file model.cif (mmCIF, C-alpha atoms and all ligand atoms)
data_start
loop_
_atom_site.label_atom_id
_atom_site.label_comp_id
_atom_site.auth_asym_id
_atom_site.auth_seq_id
_atom_site.Cartn_x
_atom_site.Cartn_y
_atom_site.Cartn_z
CA MET C 311 128.83 100.59 83.49
CA GLY C 312 132.19 99.37 84.83
CA SER C 313 132.96 96.21 86.79
CA LEU C 314 131.50 95.86 90.28
CA ASP C 315 134.97 95.94 91.86
CA SER C 316 135.98 99.17 90.19
CA PHE C 317 132.57 100.67 91.00
CA ARG C 318 133.04 99.66 94.65
CA SER C 319 136.33 101.54 94.89
CA GLU C 320 134.81 104.51 93.07
CA VAL C 321 131.99 104.59 95.67
CA ARG C 322 134.44 104.27 98.57
CA ASP C 323 136.59 107.13 97.26
CA TRP C 324 133.57 109.33 96.67
CA LEU C 325 132.12 108.65 100.12
CA ALA C 326 135.50 109.25 101.77
CA GLU C 327 135.60 112.65 100.13
CA HIS C 328 131.94 113.71 100.37
CA CYS C 329 130.40 111.99 103.40
CA PRO C 330 131.57 113.74 106.58
CA GLU C 331 131.68 112.00 109.97
CA GLU C 332 128.45 113.67 111.19
CA ILE C 333 126.46 111.99 108.38
CA ARG C 334 127.66 108.53 109.46
CA VAL C 335 124.96 108.05 112.09
CA GLY C 336 122.78 105.42 110.41
CA VAL C 337 119.35 107.03 110.65
CA ARG C 338 117.85 110.26 109.44
CA GLU C 339 116.34 111.09 112.86
CA ARG C 340 119.85 111.80 114.14
CA LEU C 341 120.45 114.61 111.66
CA SER C 342 118.92 118.08 111.62
CA ARG C 343 116.59 118.69 108.67
CA THR C 344 119.02 121.19 107.17
CA ARG C 345 121.95 118.78 107.40
CA PHE C 346 119.88 115.92 105.97
CA ASP C 347 118.74 118.09 103.04
CA GLU C 348 122.35 119.15 102.31
CA TRP C 349 123.47 115.51 102.33
CA VAL C 350 120.74 114.36 99.93
CA ARG C 351 121.62 117.29 97.63
CA THR C 352 125.26 116.15 97.70
CA LEU C 353 124.21 112.61 96.75
CA GLY C 354 122.06 114.18 94.02
CA THR C 355 125.07 115.82 92.39
CA ARG C 356 126.38 112.30 91.65
CA GLY C 357 122.93 110.89 90.68
CA TRP C 358 122.95 108.72 93.83
CA ALA C 359 119.90 110.21 95.53
CA ALA C 360 117.95 108.14 92.99
CA PRO C 361 120.57 105.60 91.89
CA GLY C 362 118.21 103.44 89.81
CA TRP C 363 116.46 106.23 87.87
CA PRO C 364 117.53 107.02 84.30
CA THR C 365 120.39 109.52 84.00
CA GLU C 366 118.31 111.73 81.68
CA TYR C 367 116.17 112.64 84.72
CA GLY C 368 119.14 113.11 87.05
CA GLY C 369 119.27 109.56 88.43
CA GLY C 370 122.31 107.30 88.61
CA GLY C 371 121.25 104.87 85.88
CA LEU C 372 122.60 101.97 87.97
CA ASP C 373 121.45 98.37 87.54
CA ARG C 374 120.49 96.18 90.51
CA GLU C 375 124.02 94.89 91.21
CA HIS C 376 125.59 98.34 91.14
CA ARG C 377 122.81 99.70 93.36
CA ALA C 378 123.47 96.90 95.83
CA VAL C 379 127.17 97.85 95.93
CA LEU C 380 126.32 101.50 96.57
CA SER C 381 123.94 100.61 99.38
CA GLN C 382 126.42 98.12 100.93
CA GLU C 383 129.15 100.76 100.97
CA MET C 384 126.83 103.37 102.45
CA ARG C 385 125.64 100.94 105.13
CA ALA C 386 129.22 99.96 105.94
CA ILE C 387 130.00 103.51 107.06
CA LYS C 388 126.45 104.13 108.40
CA ALA C 389 125.89 106.93 105.89
CA VAL C 390 122.28 108.11 106.22
CA PRO C 391 120.33 106.91 103.16
CA PRO C 392 118.45 109.43 100.98
CA ALA C 393 114.71 109.68 101.57
CA GLY C 394 111.71 111.84 100.78
CA PHE C 395 108.20 111.55 99.37
CA GLY C 396 109.48 112.63 95.94
CA LEU C 397 112.19 109.98 95.87
CA SER C 398 110.28 107.08 97.36
CA MET C 399 106.71 107.65 96.15
CA LEU C 400 106.00 110.29 93.52
CA GLY C 401 109.14 109.72 91.41
CA PRO C 402 108.62 105.96 90.93
CA THR C 403 104.93 106.60 90.17
CA LEU C 404 105.78 109.23 87.53
CA LEU C 405 108.33 106.87 85.99
CA ASP C 406 105.53 104.30 85.66
CA LEU C 407 102.57 106.49 84.74
CA GLY C 408 103.65 110.10 84.11
CA THR C 409 103.80 111.81 80.71
CA ASP C 410 107.20 112.66 79.18
CA ASP C 411 106.58 116.30 80.02
CA GLN C 412 105.78 115.47 83.69
CA LYS C 413 108.94 113.34 83.97
CA GLN C 414 111.08 116.09 82.42
CA ARG C 415 109.70 118.79 84.69
CA HIS C 416 109.36 116.97 88.02
CA LEU C 417 111.99 114.21 88.23
CA PRO C 418 115.26 116.23 87.96
CA PRO C 419 114.38 118.58 90.89
CA ILE C 420 113.51 115.48 92.98
CA CYS C 421 116.89 113.91 92.13
CA ARG C 422 118.69 117.12 93.08
CA HIS C 423 116.52 117.36 96.24
CA GLU C 424 115.59 120.91 95.27
CA LEU C 425 111.86 120.56 95.84
CA ILE C 426 110.22 118.84 98.81
CA TRP C 427 106.93 117.00 98.22
CA CYS C 428 104.10 116.04 100.54
CA GLN C 429 101.20 113.63 100.17
CA GLY C 430 97.60 114.86 100.20
CA TYR C 431 95.58 111.67 100.55
CA SER C 432 93.88 111.51 104.00
CA GLU C 433 90.98 113.74 104.97
CA PRO C 434 89.04 113.99 108.23
CA GLY C 435 86.37 111.64 106.80
CA ALA C 436 88.62 109.59 104.52
CA GLY C 437 91.54 107.60 105.94
CA SER C 438 91.16 103.83 105.60
CA ASP C 439 88.19 104.48 103.33
CA LEU C 440 90.28 106.79 101.18
CA ALA C 441 87.95 106.80 98.18
CA SER C 442 85.37 108.74 100.25
CA LEU C 443 87.54 111.85 99.89
CA GLN C 444 85.67 115.13 99.33
CA THR C 445 88.33 117.67 98.25
CA ARG C 446 87.04 119.04 94.94
CA ALA C 447 88.85 120.25 91.82
CA VAL C 448 86.85 122.18 89.22
CA LEU C 449 88.17 122.99 85.74
CA GLU C 450 88.48 126.71 84.93
CA GLY C 451 90.21 127.35 81.58
CA ASP C 452 93.50 125.47 81.66
CA GLU C 453 93.59 125.26 85.45
CA TYR C 454 91.90 123.27 88.17
CA VAL C 455 90.62 125.16 91.21
CA VAL C 456 90.91 123.10 94.38
CA THR C 457 88.72 123.40 97.49
CA GLY C 458 88.74 121.16 100.56
CA GLN C 459 90.87 119.83 103.39
CA LYS C 460 93.58 117.24 103.98
CA ILE C 461 94.90 116.00 107.32
CA TRP C 462 97.98 114.19 108.71
CA THR C 463 99.99 115.66 105.82
CA THR C 464 103.56 114.77 106.80
CA GLY C 465 106.10 117.46 106.03
CA ALA C 466 103.48 119.94 104.78
CA PRO C 467 104.96 122.88 106.73
CA HIS C 468 108.19 122.58 104.68
CA ALA C 469 106.84 121.19 101.42
CA ASP C 470 107.10 123.01 98.09
CA TRP C 471 104.62 120.82 96.16
CA ILE C 472 101.85 118.34 96.95
CA PHE C 473 100.60 115.25 95.14
CA CYS C 474 96.94 115.29 95.93
CA LEU C 475 93.83 113.19 95.41
CA VAL C 476 90.87 115.32 94.38
CA ARG C 477 87.31 114.63 93.30
CA THR C 478 86.78 115.81 89.72
CA ASP C 479 83.41 114.10 89.13
CA PRO C 480 81.16 114.17 92.19
CA ASP C 481 78.41 112.25 90.36
CA ALA C 482 80.54 109.23 89.39
CA PRO C 483 80.84 106.12 91.63
CA LYS C 484 83.33 107.02 94.35
CA HIS C 485 86.40 105.28 92.90
CA GLU C 486 85.75 106.65 89.42
CA GLY C 487 85.52 110.40 90.03
CA ILE C 488 89.00 110.91 91.52
CA SER C 489 92.04 112.54 89.84
CA PHE C 490 95.69 112.63 90.90
CA LEU C 491 96.88 116.25 90.82
CA LEU C 492 100.23 117.98 91.42
CA PHE C 493 100.42 121.62 92.50
CA PRO C 494 102.60 124.08 94.42
CA MET C 495 102.04 124.56 98.15
CA LYS C 496 103.40 128.10 98.22
CA GLN C 497 100.43 129.89 96.69
CA GLU C 498 97.36 131.79 97.79
CA GLY C 499 94.59 129.31 98.36
CA VAL C 500 96.76 126.89 100.37
CA LYS C 501 96.84 127.25 104.15
CA VAL C 502 98.97 124.94 106.27
CA SER C 503 98.02 124.51 109.90
CA PRO C 504 100.69 122.46 111.74
CA ILE C 505 99.63 119.79 114.26
CA ARG C 506 101.85 119.81 117.34
CA LEU C 507 102.86 116.35 118.54
CA ILE C 508 103.49 115.19 122.10
CA ASP C 509 107.26 115.74 121.64
CA GLY C 510 106.72 119.35 120.54
CA THR C 511 107.54 118.75 116.86
CA GLU C 512 105.25 119.82 114.04
CA HIS C 513 105.84 117.40 111.14
CA PHE C 514 102.13 116.92 110.50
CA ALA C 515 99.64 119.47 109.34
CA GLN C 516 96.10 120.04 108.30
CA VAL C 517 96.09 121.60 104.85
CA PHE C 518 93.19 123.76 103.72
CA PHE C 519 92.55 124.55 100.05
CA ASP C 520 90.42 127.53 99.17
CA GLY C 521 90.83 128.27 95.48
CA ALA C 522 94.28 126.66 95.09
CA ARG C 523 95.35 126.43 91.44
CA ALA C 524 96.79 123.48 89.53
CA SER C 525 97.73 123.25 85.86
CA THR C 526 95.84 120.73 83.72
CA SER C 527 99.27 119.50 82.58
CA ASP C 528 99.79 118.25 86.15
CA VAL C 529 97.03 115.64 86.22
CA VAL C 530 98.85 112.29 86.44
CA GLY C 531 97.00 109.56 84.56
CA PRO C 532 93.56 110.18 83.07
CA VAL C 533 91.14 112.75 84.54
CA ASN C 534 88.81 110.72 86.84
CA GLY C 535 91.28 107.82 86.57
CA GLY C 536 93.36 108.88 89.58
CA TRP C 537 92.42 105.91 91.76
CA THR C 538 94.68 103.62 89.71
CA VAL C 539 97.56 106.12 90.08
CA ALA C 540 96.83 106.43 93.83
CA LYS C 541 97.03 102.65 94.26
CA ARG C 542 100.27 102.45 92.28
CA LEU C 543 101.81 105.09 94.53
CA LEU C 544 100.62 103.21 97.64
CA GLN C 545 102.44 100.13 96.38
CA HIS C 546 105.64 102.17 96.34
CA GLU C 547 104.83 103.63 99.75
CA ARG C 548 104.16 100.22 101.25
CA GLY C 549 107.49 98.90 100.11
CA VAL C 550 107.23 97.11 96.79
CA ALA C 551 109.59 99.69 95.36
CA ASN C 552 112.38 98.60 97.62
CA PRO C 553 112.24 94.89 98.46
CA GLU C 554 116.04 94.83 98.11
CA GLY C 555 116.44 97.38 100.89
CA ARG C 556 113.98 95.58 103.13
CA ALA C 557 115.70 92.26 102.46
CA ALA C 558 119.07 93.74 103.28
CA GLY C 559 117.80 95.31 106.50
CA ALA C 560 115.61 92.49 107.75
CA GLY C 561 116.93 89.79 110.04
CA LYS C 562 120.32 91.44 110.32
CA LYS C 563 119.74 93.50 113.42
CA LYS C 564 121.84 92.16 116.25
CA GLY C 565 120.52 94.92 118.53
CA LEU C 566 117.93 92.98 120.50
CA ILE C 567 120.07 90.00 121.47
CA ASP C 568 123.00 92.22 122.40
CA LEU C 569 120.70 94.49 124.39
CA ALA C 570 119.28 91.52 126.32
CA ARG C 571 122.74 90.12 127.05
CA GLU C 572 123.85 93.50 128.30
CA HIS C 573 120.88 94.19 130.58
CA LEU C 574 119.67 90.79 131.79
CA GLY C 575 121.26 87.84 133.51
CA VAL C 576 122.99 85.26 131.30
CA ARG C 577 123.61 81.66 132.47
CA ASP C 578 125.49 79.09 130.36
CA GLY C 579 125.42 81.57 127.50
CA LYS C 580 121.60 81.78 127.64
CA LEU C 581 119.30 84.50 128.88
CA ASP C 582 118.12 83.70 132.39
CA ASP C 583 114.48 84.53 131.68
CA PRO C 584 113.11 81.56 129.63
CA ALA C 585 109.86 83.27 128.61
CA LEU C 586 111.61 86.36 127.27
CA ARG C 587 114.28 84.16 125.66
CA GLU C 588 111.57 82.30 123.75
CA ARG C 589 109.89 85.51 122.59
CA ILE C 590 113.19 86.98 121.38
CA ALA C 591 114.06 83.72 119.58
CA GLN C 592 110.62 83.69 117.90
CA TYR C 593 111.06 87.32 116.87
CA GLU C 594 114.50 86.57 115.41
CA MET C 595 113.14 83.60 113.44
CA ASP C 596 110.18 85.59 112.07
CA SER C 597 112.49 88.42 111.18
CA GLN C 598 114.82 86.05 109.30
CA ALA C 599 111.84 84.53 107.46
CA PHE C 600 110.69 88.02 106.50
CA GLY C 601 114.18 88.86 105.22
CA LEU C 602 114.18 85.75 103.03
CA THR C 603 110.68 86.51 101.69
CA MET C 604 111.77 90.00 100.73
CA LYS C 605 114.92 88.64 99.10
CA ARG C 606 112.78 86.29 97.03
CA ALA C 607 110.50 89.21 96.10
CA ALA C 608 113.53 91.24 94.98
CA GLU C 609 114.75 88.36 92.83
CA GLU C 610 111.31 87.86 91.31
CA ALA C 611 111.01 91.60 90.65
CA SER C 612 114.35 91.56 88.83
CA VAL C 613 112.91 89.10 86.29
CA GLY C 614 109.57 90.90 86.09
CA GLN C 615 107.51 88.50 88.24
CA THR C 616 106.41 90.80 91.03
CA GLU C 617 103.57 89.39 93.11
CA ARG C 618 100.90 92.06 92.95
CA GLN C 619 100.10 92.19 96.64
CA ILE C 620 103.66 91.90 97.98
CA ALA C 621 103.36 95.56 98.98
CA SER C 622 100.58 94.83 101.49
CA MET C 623 102.36 91.78 102.88
CA SER C 624 105.63 93.67 103.18
CA LYS C 625 104.04 96.70 104.87
CA PHE C 626 102.06 94.53 107.29
CA LEU C 627 104.99 92.30 108.23
CA TRP C 628 107.74 94.87 108.66
CA SER C 629 105.57 97.28 110.65
CA GLU C 630 104.29 94.53 112.97
CA LEU C 631 107.81 93.06 113.34
CA GLY C 632 109.12 96.53 114.14
CA LYS C 633 106.54 96.91 116.91
CA ARG C 634 107.38 93.50 118.35
CA GLU C 635 111.10 94.28 118.30
CA GLN C 636 110.62 97.54 120.16
CA ASP C 637 108.16 95.99 122.66
CA LEU C 638 110.81 93.37 123.46
CA ALA C 639 113.47 96.07 123.79
CA MET C 640 111.21 97.88 126.28
CA GLN C 641 110.79 94.66 128.28
CA VAL C 642 114.54 94.19 128.36
CA LEU C 643 115.20 97.77 129.42
CA GLY C 644 112.44 97.91 132.07
CA SER C 645 112.44 101.32 133.78
CA ARG C 646 115.52 102.34 131.70
CA GLY C 647 113.18 102.36 128.69
CA LEU C 648 110.83 104.95 130.16
CA GLY C 649 113.01 108.04 129.71
CA TRP C 650 111.70 110.91 127.64
CA ARG C 651 114.12 113.77 128.20
CA GLY C 652 116.38 115.25 130.84
CA GLU C 653 118.95 113.75 133.15
CA GLY C 654 119.22 110.21 134.44
CA PHE C 655 119.00 108.46 131.06
CA GLU C 656 121.61 107.85 128.40
CA ASP C 657 121.09 109.17 124.86
CA THR C 658 120.75 105.62 123.53
CA GLU C 659 118.00 104.90 126.09
CA LEU C 660 116.11 108.08 125.18
CA ALA C 661 116.42 107.15 121.49
CA ARG C 662 114.92 103.71 122.28
CA THR C 663 111.84 105.27 123.87
CA LYS C 664 111.33 107.44 120.79
CA ARG C 665 111.89 104.47 118.45
CA TRP C 666 109.28 102.46 120.42
CA LEU C 667 106.74 105.26 119.98
CA ILE C 668 107.51 105.74 116.28
CA THR C 669 106.84 102.07 115.59
CA ARG C 670 103.25 102.57 116.86
CA ALA C 671 102.70 104.91 113.90
CA ASP C 672 104.32 102.55 111.38
CA SER C 673 101.30 100.25 111.38
CA ILE C 674 98.97 103.23 110.68
CA TRP C 675 100.51 105.36 107.91
CA GLY C 676 100.22 104.13 104.32
CA GLY C 677 97.20 102.04 105.39
CA THR C 678 96.73 100.38 108.76
CA SER C 679 97.54 96.74 109.52
CA GLU C 680 93.81 95.94 109.51
CA ILE C 681 93.53 97.34 105.99
CA GLN C 682 96.59 95.36 104.80
CA ARG C 683 95.01 92.21 106.31
CA ASN C 684 91.78 92.94 104.41
CA ILE C 685 93.71 93.35 101.13
CA ILE C 686 95.67 90.14 101.69
CA ALA C 687 92.45 88.26 102.57
CA LYS C 688 90.65 89.50 99.46
CA ARG C 689 93.37 89.66 96.82
CA VAL C 690 95.89 87.00 97.88
CA LEU C 691 93.84 84.41 99.78
CA MET C 692 90.73 85.13 97.66
CA ILE C 693 88.48 84.85 100.71
CA PRO C 694 84.95 85.89 99.71
CA GLU C 695 83.50 88.95 101.50
C1 LIG M 1 103.02 108.80 111.00
C2 LIG M 1 101.88 109.02 110.04
C3 LIG M 1 102.12 109.74 108.87
C4 LIG M 1 101.07 109.98 107.99
N1 LIG M 1 101.33 110.73 106.87
C5 LIG M 1 100.34 110.98 106.00
C6 LIG M 1 100.59 111.78 104.85
O1 LIG M 1 101.68 112.30 104.65
N2 LIG M 1 99.58 112.01 103.99
C7 LIG M 1 98.34 111.47 104.17
O2 LIG M 1 97.49 111.66 103.31
N3 LIG M 1 98.06 110.73 105.27
C8 LIG M 1 99.03 110.46 106.19
N4 LIG M 1 98.76 109.72 107.32
C9 LIG M 1 97.39 109.29 107.59
C10 LIG M 1 97.19 107.79 107.40
O3 LIG M 1 97.21 107.45 106.03
C11 LIG M 1 95.85 107.43 108.06
O4 LIG M 1 95.99 107.69 109.45
C12 LIG M 1 95.50 105.99 107.86
O5 LIG M 1 95.21 105.70 106.51
C13 LIG M 1 94.28 105.58 108.72
O6 LIG M 1 93.22 106.47 108.54
P1 LIG M 1 92.52 107.20 109.77
O7 LIG M 1 93.56 107.77 110.65
O8 LIG M 1 91.47 108.09 109.23
O9 LIG M 1 91.86 106.01 110.63
P2 LIG M 1 90.46 105.33 110.34
O10 LIG M 1 90.33 104.98 108.89
O11 LIG M 1 89.38 106.15 110.95
O12 LIG M 1 90.61 103.97 111.14
C14 LIG M 1 90.45 103.89 112.57
C15 LIG M 1 90.65 102.43 112.97
O13 LIG M 1 89.64 101.62 112.35
C16 LIG M 1 90.24 100.55 111.63
N5 LIG M 1 89.50 100.29 110.38
C17 LIG M 1 89.01 101.21 109.51
N6 LIG M 1 88.41 100.60 108.47
C18 LIG M 1 88.49 99.27 108.69
C19 LIG M 1 88.06 98.10 107.96
N7 LIG M 1 87.42 98.20 106.80
N8 LIG M 1 88.35 96.87 108.49
C20 LIG M 1 89.01 96.76 109.68
N9 LIG M 1 89.45 97.84 110.41
C21 LIG M 1 89.19 99.05 109.92
C22 LIG M 1 91.64 101.05 111.28
O14 LIG M 1 92.55 99.97 111.07
C23 LIG M 1 92.00 101.85 112.54
O15 LIG M 1 92.48 101.00 113.55
C24 LIG M 1 99.77 109.48 108.24
C25 LIG M 1 99.53 108.75 109.43
C26 LIG M 1 100.57 108.54 110.32
C27 LIG M 1 100.29 107.77 111.59
#
call {"tool": "encode", "arguments": {"input": "model.cif", "output": "structure tokens"}}
result
Amino acid sequence: MGSLDSFRSEVRDWLAEHCPEEIRVGVRERLSRTRFDEWVRTLGTRGWAAPGWPTEYGGGGLDREHRAVLSQEMRAIKAVPPAGFGLSMLGPTLLDLGTDDQKQRHLPPICRHELIWCQGYSEPGAGSDLASLQTRAVLEGDEYVVTGQKIWTTGAPHADWIFCLVRTDPDAPKHEGISFLLFPMKQEGVKVSPIRLIDGTEHFAQVFFDGARASTSDVVGPVNGGWTVAKRLLQHERGVANPEGRAAGAGKKKGLIDLAREHLGVRDGKLDDPALRERIAQYEMDSQAFGLTMKRAAEEASVGQTERQIASMSKFLWSELGKREQDLAMQVLGSRGLGWRGEGFEDTELARTKRWLITRADSIWGGTSEIQRNIIAKRVLMIPE
């Protein structure tokens, strides 16, 4: 790996050539799905969709410093970062717990963004109490036959494969009869029924399995030992996989203060409304403190001292901070923050309304804030039940 300076100019040159203006919009929501997929595939050709993964699986093989340079250069031009359930959840879990064969077969297509994955955890009777899941998988020869139902499956209508929690021993205690199974979505026996949201989009779906087939070579971890794999994946989902990214993002948003200055009265350089001023200042301080905590976590992780429950703390804090930030933005904007579509509102105002709504969901997916609080109480503070 070359020096950081030469790598920085290599990244700049590559981005200048491969990252068109329309990709420089900061967030994925501002790109069409097709355009986003094309962009992640382009990054994949250079190994930069998964910059830290080993090159043998199609990753970039970059160490922490080189990854930081890549992400700084991408942020500097607002290039949309790569994302996806394969990249952020399944891939890191397979790197930790998958067999060599599973890594060889599944990681390169994730790096090249050729296959889209979805997550089959929640069921109508199993959300926060995930281990109550009822979807069954029964062994038939060298295949499992899956029957049951999942819900709130993000991206299922477009997904090629699913990583799915299934019950393989109905007689075992509930945490001990679960396996972690991978199988294709495009097969007989899988029916996807999209759930239409208030904005007309259909990202979510109910997924019904009626005789879906999975190879025994696609059980990750031991049969009936899937709960450990499921928890490992949740740690990646909740953010332990990327404390560096969270640290870099946290506490750096100037948006709220600028927004308040723009929309509200300012006297002697201060916002006129003392109550709102205090709430914004408190938010900014908490956000800075969160950024520093995540930076510390990233440094500890780099020397192998990751605090086990940092994932729950990170998920709880960033999702609650995100809600507070958007609540404050709504207060600042007043009636300008109520636009949904149509004339009379600017695009940035309409985007704010959507952002405010999205943050409501952030403290639900991947485990609600109440559940993160329970985990922190039990595992970090050791409070007896
Ligand atoms: C945007 C979004 C995307 C999602 N994507 C996926 C996906 O791709 N795949 C997938 O499998 N799932 C997905 N989910 C589902 C998500 O994981 C569940 O919604 C979540 O785990 C909560 O489960 P639930 O909805 O069944 O609520 P419930 O578990 O029924 O909870 C209802 C309420 O009760 C509270 N509660 C429950 N138990 C306790 C307790 N012990 N102590 C205190 N309070 C408690 C909860 O905090 C919540 O407020 C997604 C959800 C959202 C919002």
call {"tool": "closest_residue", "arguments": {"input": "model.cif", "among": "C:Leu569, C:Ala466, C:Cys329, C:Ala378", "to": "ligand LIG 1 (chain M)", "atoms": "all atoms listed in the file"}}
result
C:Ala466
call {"tool": "closest_atom_pairs", "arguments": {"input": "model.cif", "of": "chain C", "to": "ligand LIG 1 (chain M)", "cutoff": "8 Å", "atoms": "all atoms listed in the file", "output": "CSV"}}
result
residue,atom,partner,partner_atom,distance
C:Cys428,CA,M:LIG1,O1,6.1
C:Gln429,CA,M:LIG1,N2,4.5
C:Gly430,CA,M:LIG1,O2,4.5
C:Tyr431,CA,M:LIG1,O2,3.4
C:Ser432,CA,M:LIG1,O2,3.7
C:Glu433,CA,M:LIG1,O2,7.0
C:Pro434,CA,M:LIG1,O8,6.5
C:Gly435,CA,M:LIG1,O8,6.7
C:Ala436,CA,M:LIG1,O8,5.7
C:Gly437,CA,M:LIG1,O6,3.3
C:Ser438,CA,M:LIG1,O10,3.6
C:Asp439,CA,M:LIG1,O10,6.0
C:Leu440,CA,M:LIG1,O5,7.3
C:Lys460,CA,M:LIG1,O2,6.8
C:Ile461,CA,M:LIG1,O2,6.5
C:Trp462,CA,M:LIG1,C8,4.6
C:Thr463,CA,M:LIG1,O1,3.9
C:Thr464,CA,M:LIG1,O1,3.8
C:Gly465,CA,M:LIG1,O1,6.9
C:Ala466,CA,M:LIG1,O1,7.9
C:Phe514,CA,M:LIG1,N1,7.2
C:Ile668,CA,M:LIG1,C1,7.6
C:Arg670,CA,M:LIG1,C27,8.0
C:Ala671,CA,M:LIG1,C27,4.4
C:Asp672,CA,M:LIG1,C1,6.4
C:Ser673,CA,M:LIG1,C27,7.6
C:Ile674,CA,M:LIG1,C27,4.8
C:Trp675,CA,M:LIG1,C25,3.8
C:Gly676,CA,M:LIG1,O3,4.8
C:Gly677,CA,M:LIG1,O5,4.3
C:Thr678,CA,M:LIG1,O14,4.8
C:Ser679,CA,M:LIG1,O14,6.1
C:Glu680,CA,M:LIG1,O14,4.5
C:Ile681,CA,M:LIG1,N8,5.8
C:Asn684,CA,M:LIG1,N8,6.6
call {"tool": "closest_residue", "arguments": {"input": "model.cif", "among": "C:Lys484, C:Val379, C:Arg634, C:Met604", "to": "C:Arg589", "atoms": "only C-alpha atoms"}}
result
C:Arg634
call {"tool": "closest_residue", "arguments": {"input": "model.cif", "among": "C:Glu695, C:Gly336, C:Ala386, C:Val642", "to": "C:Asp582", "atoms": "only C-alpha atoms"}}
result
C:Val642
call {"tool": "atom_distance", "arguments": {"input": "model.cif", "atom1": "atom CA of C:Arg548", "atom2": "atom CA of C:Met495"}}
result
24.6 Å
call {"tool": "closest_residue", "arguments": {"input": "model.cif", "among": "C:Pro504, C:Pro361, C:Gly565, C:Gly531", "to": "C:Ala639", "atoms": "only C-alpha atoms"}}
result
C:Gly565
call {"tool": "atom_distance", "arguments": {"input": "model.cif", "atom1": "atom CA of C:Thr669", "atom2": "atom CA of C:Glu339"}}
result
13.4 Å
call {"tool": "atom_distance", "arguments": {"input": "model.cif", "atom1": "atom CA of C:Asp583", "atom2": "atom CA of C:Asp637"}}
result
15.9 Å
call {"tool": "residues_around", "arguments": {"input": "model.cif", "residues": "C:Gly451", "least_positions_apart": "3", "cutoff": "12 Å", "atoms": "all atoms listed in the file", "output": "list of chain:residue names"}}
result
C:Val448, C:Tyr454, C:Val455, C:Arg523, C:Ala524, C:Ser525, C:Thr526
call {"tool": "closest_residue", "arguments": {"input": "model.cif", "among": "C:Leu691, C:Ala661, C:Ile685, C:Ile488", "to": "C:Ala540", "atoms": "all atoms listed in the file"}}
result
C:Ile488
call {"tool": "residues_around", "arguments": {"input": "model.cif", "residues": "stretch 650-653 of chain C", "least_positions_apart": "2", "cutoff": "12 Å", "atoms": "only C-alpha atoms", "output": "ChimeraX atom specification"}}
result
/C:508-509,645-648,655-667
call {"tool": "axis_aligned_box", "arguments": {"input": "model.cif", "around": "stretch 464-467 of chain C", "padding_each_side": "8 Å", "output": "lines of an AutoDock Vina configuration file"}}
result
center_x = 104.8
center_y = 118.8
center_z = 105.8
size_x = 18.6
size_y = 24.1
size_z = 18.0
call {"tool": "residues_around", "arguments": {"input": "model.cif", "residues": "C:Glu547", "least_positions_apart": "3", "cutoff": "12 Å", "atoms": "only C-alpha atoms", "output": "JSON, numbers by chain"}}
result
{"C": [393, 394, 395, 396, 397, 398, 399, 400, 401, 402, 403, 429, 540, 541, 542, 543, 544, 550, 551, 552, 553, 620, 621, 622, 624, 625, 672, 675, 676, 677]}
call {"tool": "closest_residue", "arguments": {"input": "model.cif", "among": "C:His423, C:Arg446, C:Arg338, C:His328", "to": "C:Pro480", "atoms": "all atoms listed in the file"}}
result
C:Arg446
call {"tool": "residues_around", "arguments": {"input": "model.cif", "residues": "C:Arg587", "least_positions_apart": "3", "cutoff": "12 Å", "atoms": "only C-alpha atoms", "output": "PDB file with C-alpha atoms, keeping the file's coordinate frame"}}
result
ATOM      1  CA  LEU C 566     117.930  92.980 120.500  1.00  0.00           C
ATOM      2  CA  ILE C 567     120.070  90.000 121.470  1.00  0.00           C
ATOM      3  CA  ALA C 570     119.280  91.520 126.320  1.00  0.00           C
ATOM      4  CA  ARG C 571     122.740  90.120 127.050  1.00  0.00           C
ATOM      5  CA  LEU C 574     119.670  90.790 131.790  1.00  0.00           C
ATOM      6  CA  GLY C 575     121.260  87.840 133.510  1.00  0.00           C
ATOM      7  CA  VAL C 576     122.990  85.260 131.300  1.00  0.00           C
ATOM      8  CA  ARG C 577     123.610  81.660 132.470  1.00  0.00           C
ATOM      9  CA  GLY C 579     125.420  81.570 127.500  1.00  0.00           C
ATOM     10  CA  LYS C 580     121.600  81.780 127.640  1.00  0.00           C
ATOM     11  CA  LEU C 581     119.300  84.500 128.880  1.00  0.00           C
ATOM     12  CA  ASP C 582     118.120  83.700 132.390  1.00  0.00           C
ATOM     13  CA  ASP C 583     114.480  84.530 131.680  1.00  0.00           C
ATOM     14  CA  PRO C 584     113.110  81.560 129.630  1.00  0.00           C
ATOM     15  CA  ILE C 590     113.190  86.980 121.380  1.00  0.00           C
ATOM     16  CA  ALA C 591     114.060  83.720 119.580  1.00  0.00           C
ATOM     17  CA  GLN C 592     110.620  83.690 117.900  1.00  0.00           C
ATOM     18  CA  TYR C 593     111.060  87.320 116.870  1.00  0.00           C
ATOM     19  CA  GLU C 594     114.500  86.570 115.410  1.00  0.00           C
ATOM     20  CA  LEU C 638     110.810  93.370 123.460  1.00  0.00           C
ATOM     21  CA  GLN C 641     110.790  94.660 128.280  1.00  0.00           C
ATOM     22  CA  VAL C 642     114.540  94.190 128.360  1.00  0.00           C
TER      23      VAL C 642
END
